[in-house]
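Have a look at the structure below, then the notes.
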Amino acid sequence: ANDAGPFVPEKADLAGLREAAAGCRGCALYEDATQTVFGDGGAGARLVMVGEQPGDQEDRKGEPFVGPAGRLLDRALEEAGIERGDAYLTNAVKHFKFTRREGKRRIHQKPGVTEMAACRPWLVAELRLIGPDVIVALGATAGRALLGSAFRVTKQRGVPLPCPPYDRLGTAAEGDEANGRIVATVHPSSVLRSDDRDAAYAGLLSDLKVAAGLLG
Ligand code: URA
């Protein structure tokens, strides 16, 4: 297979999707990763947060956003008045992509367009089951997975954007009917790497507050 499509069960709840995703061989990333890191949260969530891909700790633990970026995100969510438990957290790509340096250390590698496309059927299936009012795209990869390759986080962050119909995710065209809204922001990892962390964090927080405001 060269995408996840054949692995996605047609009639399944989130637990069923998660179980099936554990055996996904839709791209080559499963070969080196420890496990699939599926989304976390309930089908009743009105807010879905989409990251890039699991990091080193997420890969070991099997849960999204449990490493350093997740801790920063937790803090920002709390300050924005969003309960992590009320949101559904997931990633555009569900296996950790990395290279090995000096034997042991695993260095994160950005997923490519083929991996994003290969994994998209899982994201679509999650969104179909949840049907959130608001999706937060954390960073450029998530933004491109949802809105297509023309997405630019610097230009489009912090303002509600129409979400394309789920079957057109990542290939949005003019005239598509909106299907809830997307608020894009920077990835929490980029805040951790920033030269001006306070300013970067303030930007993330202000974008999350826009999302919180849409939820009412
Ligand atoms: N970064 C992400 O994009 N997702 C995670 O789950 C963890 C770190």
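Within each chain, counting starts at residue 1; across the structure tokens, chains are named A, B, ... in the order shown, with ligands numbered 1 upward in that order.
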
Could you give me the residues within 9 Å of ligand 1, counting only C-alpha atoms and all ligand atoms, as a ChimeraX atom specification? /A:37,39,50-59,63-70,89-94,96,138-139,141-142,187-189

Restricted to C-alpha atoms, what would the selected residues look like written as a PDB file, in the first residue's frame?
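Listing of selection-v9.pdb after writing:
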ATOM      1  CA  VAL A  37       0.582   7.308  17.943  1.00  0.00           C
ATOM      2  CA  GLY A  39      -5.201  10.778  18.413  1.00  0.00           C
ATOM      3  CA  VAL A  50      -3.538  18.816  14.900  1.00  0.00           C
ATOM      4  CA  GLY A  51       0.237  18.631  15.330  1.00  0.00           C
ATOM      5  CA  GLU A  52       2.917  17.418  12.939  1.00  0.00           C
ATOM      6  CA  GLN A  53       3.956  13.963  14.053  1.00  0.00           C
ATOM      7  CA  PRO A  54       4.804  12.255  17.326  1.00  0.00           C
ATOM      8  CA  GLY A  55       8.177  13.085  18.834  1.00  0.00           C
ATOM      9  CA  ASP A  56      10.624  10.802  20.593  1.00  0.00           C
ATOM     10  CA  GLN A  57       8.652  10.554  23.842  1.00  0.00           C
ATOM     11  CA  GLU A  58       5.300  10.225  22.107  1.00  0.00           C
ATOM     12  CA  ASP A  59       6.737   7.359  20.062  1.00  0.00           C
ATOM     13  CA  GLU A  63       0.282   9.124  23.202  1.00  0.00           C
ATOM     14  CA  PRO A  64       0.407  12.495  21.435  1.00  0.00           C
ATOM     15  CA  PHE A  65       1.910  15.598  23.051  1.00  0.00           C
ATOM     16  CA  VAL A  66       3.397  14.020  26.158  1.00  0.00           C
ATOM     17  CA  GLY A  67       6.960  15.347  25.641  1.00  0.00           C
ATOM     18  CA  PRO A  68       8.420  18.864  26.004  1.00  0.00           C
ATOM     19  CA  ALA A  69       6.211  20.365  23.271  1.00  0.00           C
ATOM     20  CA  GLY A  70       3.181  18.799  24.927  1.00  0.00           C
ATOM     21  CA  LEU A  89      -5.273  15.927  20.139  1.00  0.00           C
ATOM     22  CA  THR A  90      -3.798  14.298  17.090  1.00  0.00           C
ATOM     23  CA  ASN A  91      -1.096  14.620  14.448  1.00  0.00           C
ATOM     24  CA  ALA A  92      -0.982  14.939  10.671  1.00  0.00           C
ATOM     25  CA  VAL A  93       1.373  11.948  10.579  1.00  0.00           C
ATOM     26  CA  LYS A  94       1.003   9.177  13.120  1.00  0.00           C
ATOM     27  CA  PHE A  96       7.677   9.212  14.382  1.00  0.00           C
ATOM     28  CA  LEU A 138      -0.184  23.564  15.164  1.00  0.00           C
ATOM     29  CA  GLY A 139       2.497  24.620  12.714  1.00  0.00           C
ATOM     30  CA  THR A 141       2.861  20.779   8.520  1.00  0.00           C
ATOM     31  CA  ALA A 142      -0.576  20.596  10.127  1.00  0.00           C
ATOM     32  CA  HIS A 187       4.066  24.599  16.532  1.00  0.00           C
ATOM     33  CA  PRO A 188       4.834  24.477  20.264  1.00  0.00           C
ATOM     34  CA  SER A 189       8.274  22.998  19.430  1.00  0.00           C
TER      35      SER A 189
END

Need to verify the contact set: A:Arg168, 12 Å, only C-alpha atoms, exclusion of same-chain residues closer than 2 positions in sequence. Can you return it as a ChimeraX atom specification? /A:117,120-121,123-124,145-148,163-166,170-179

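If you measure from each of A:Leu72, A:Ile82, A:Ala118, A:Ala137 to A:Val191 using only C-alpha atoms, the closest one turns out to be A:Leu72.
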
I'd like the interatomic distance between atom CA of A:Ala87 and atom CA of A:Gly44, to a tenth of an Å.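 Here the two named atoms are 8.8 Å from each other.
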
Can you check which residues of stretch 5-111 of chain A DSSP gives as alpha helix (DSSP H) on the backbone and send them as a PDB file with C-alpha atoms, in the first residue's frame?
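Below you can see out.pdb, which holds the result:
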ATOM      1  CA  LEU A  14     -12.482   6.142  17.541  1.00  0.00           C
ATOM      2  CA  ALA A  15     -11.436   3.056  19.506  1.00  0.00           C
ATOM      3  CA  GLY A  16     -11.837   0.952  16.379  1.00  0.00           C
ATOM      4  CA  LEU A  17      -9.804   3.411  14.327  1.00  0.00           C
ATOM      5  CA  ARG A  18      -7.070   3.448  16.943  1.00  0.00           C
ATOM      6  CA  GLU A  19      -6.912  -0.328  16.965  1.00  0.00           C
ATOM      7  CA  ALA A  20      -6.701  -0.509  13.178  1.00  0.00           C
ATOM      8  CA  ALA A  21      -4.120   2.283  13.027  1.00  0.00           C
ATOM      9  CA  ASP A  56      10.624  10.802  20.593  1.00  0.00           C
ATOM     10  CA  GLN A  57       8.652  10.554  23.842  1.00  0.00           C
ATOM     11  CA  GLU A  58       5.300  10.225  22.107  1.00  0.00           C
ATOM     12  CA  ASP A  59       6.737   7.359  20.062  1.00  0.00           C
ATOM     13  CA  ARG A  60       7.799   5.552  23.239  1.00  0.00           C
ATOM     14  CA  LYS A  61       4.593   6.219  25.178  1.00  0.00           C
ATOM     15  CA  PRO A  68       8.420  18.864  26.004  1.00  0.00           C
ATOM     16  CA  ALA A  69       6.211  20.365  23.271  1.00  0.00           C
ATOM     17  CA  GLY A  70       3.181  18.799  24.927  1.00  0.00           C
ATOM     18  CA  ARG A  71       4.036  20.320  28.276  1.00  0.00           C
ATOM     19  CA  LEU A  72       4.305  23.743  26.698  1.00  0.00           C
ATOM     20  CA  LEU A  73       1.028  23.164  24.885  1.00  0.00           C
ATOM     21  CA  ASP A  74      -0.657  22.130  28.150  1.00  0.00           C
ATOM     22  CA  ARG A  75       0.406  25.371  29.761  1.00  0.00           C
ATOM     23  CA  ALA A  76      -0.820  27.446  26.813  1.00  0.00           C
ATOM     24  CA  LEU A  77      -4.139  25.594  26.694  1.00  0.00           C
ATOM     25  CA  GLU A  78      -4.716  26.228  30.351  1.00  0.00           C
ATOM     26  CA  GLU A  79      -3.909  29.914  29.979  1.00  0.00           C
ATOM     27  CA  ALA A  80      -6.222  30.152  26.973  1.00  0.00           C
TER      28      ALA A  80
END
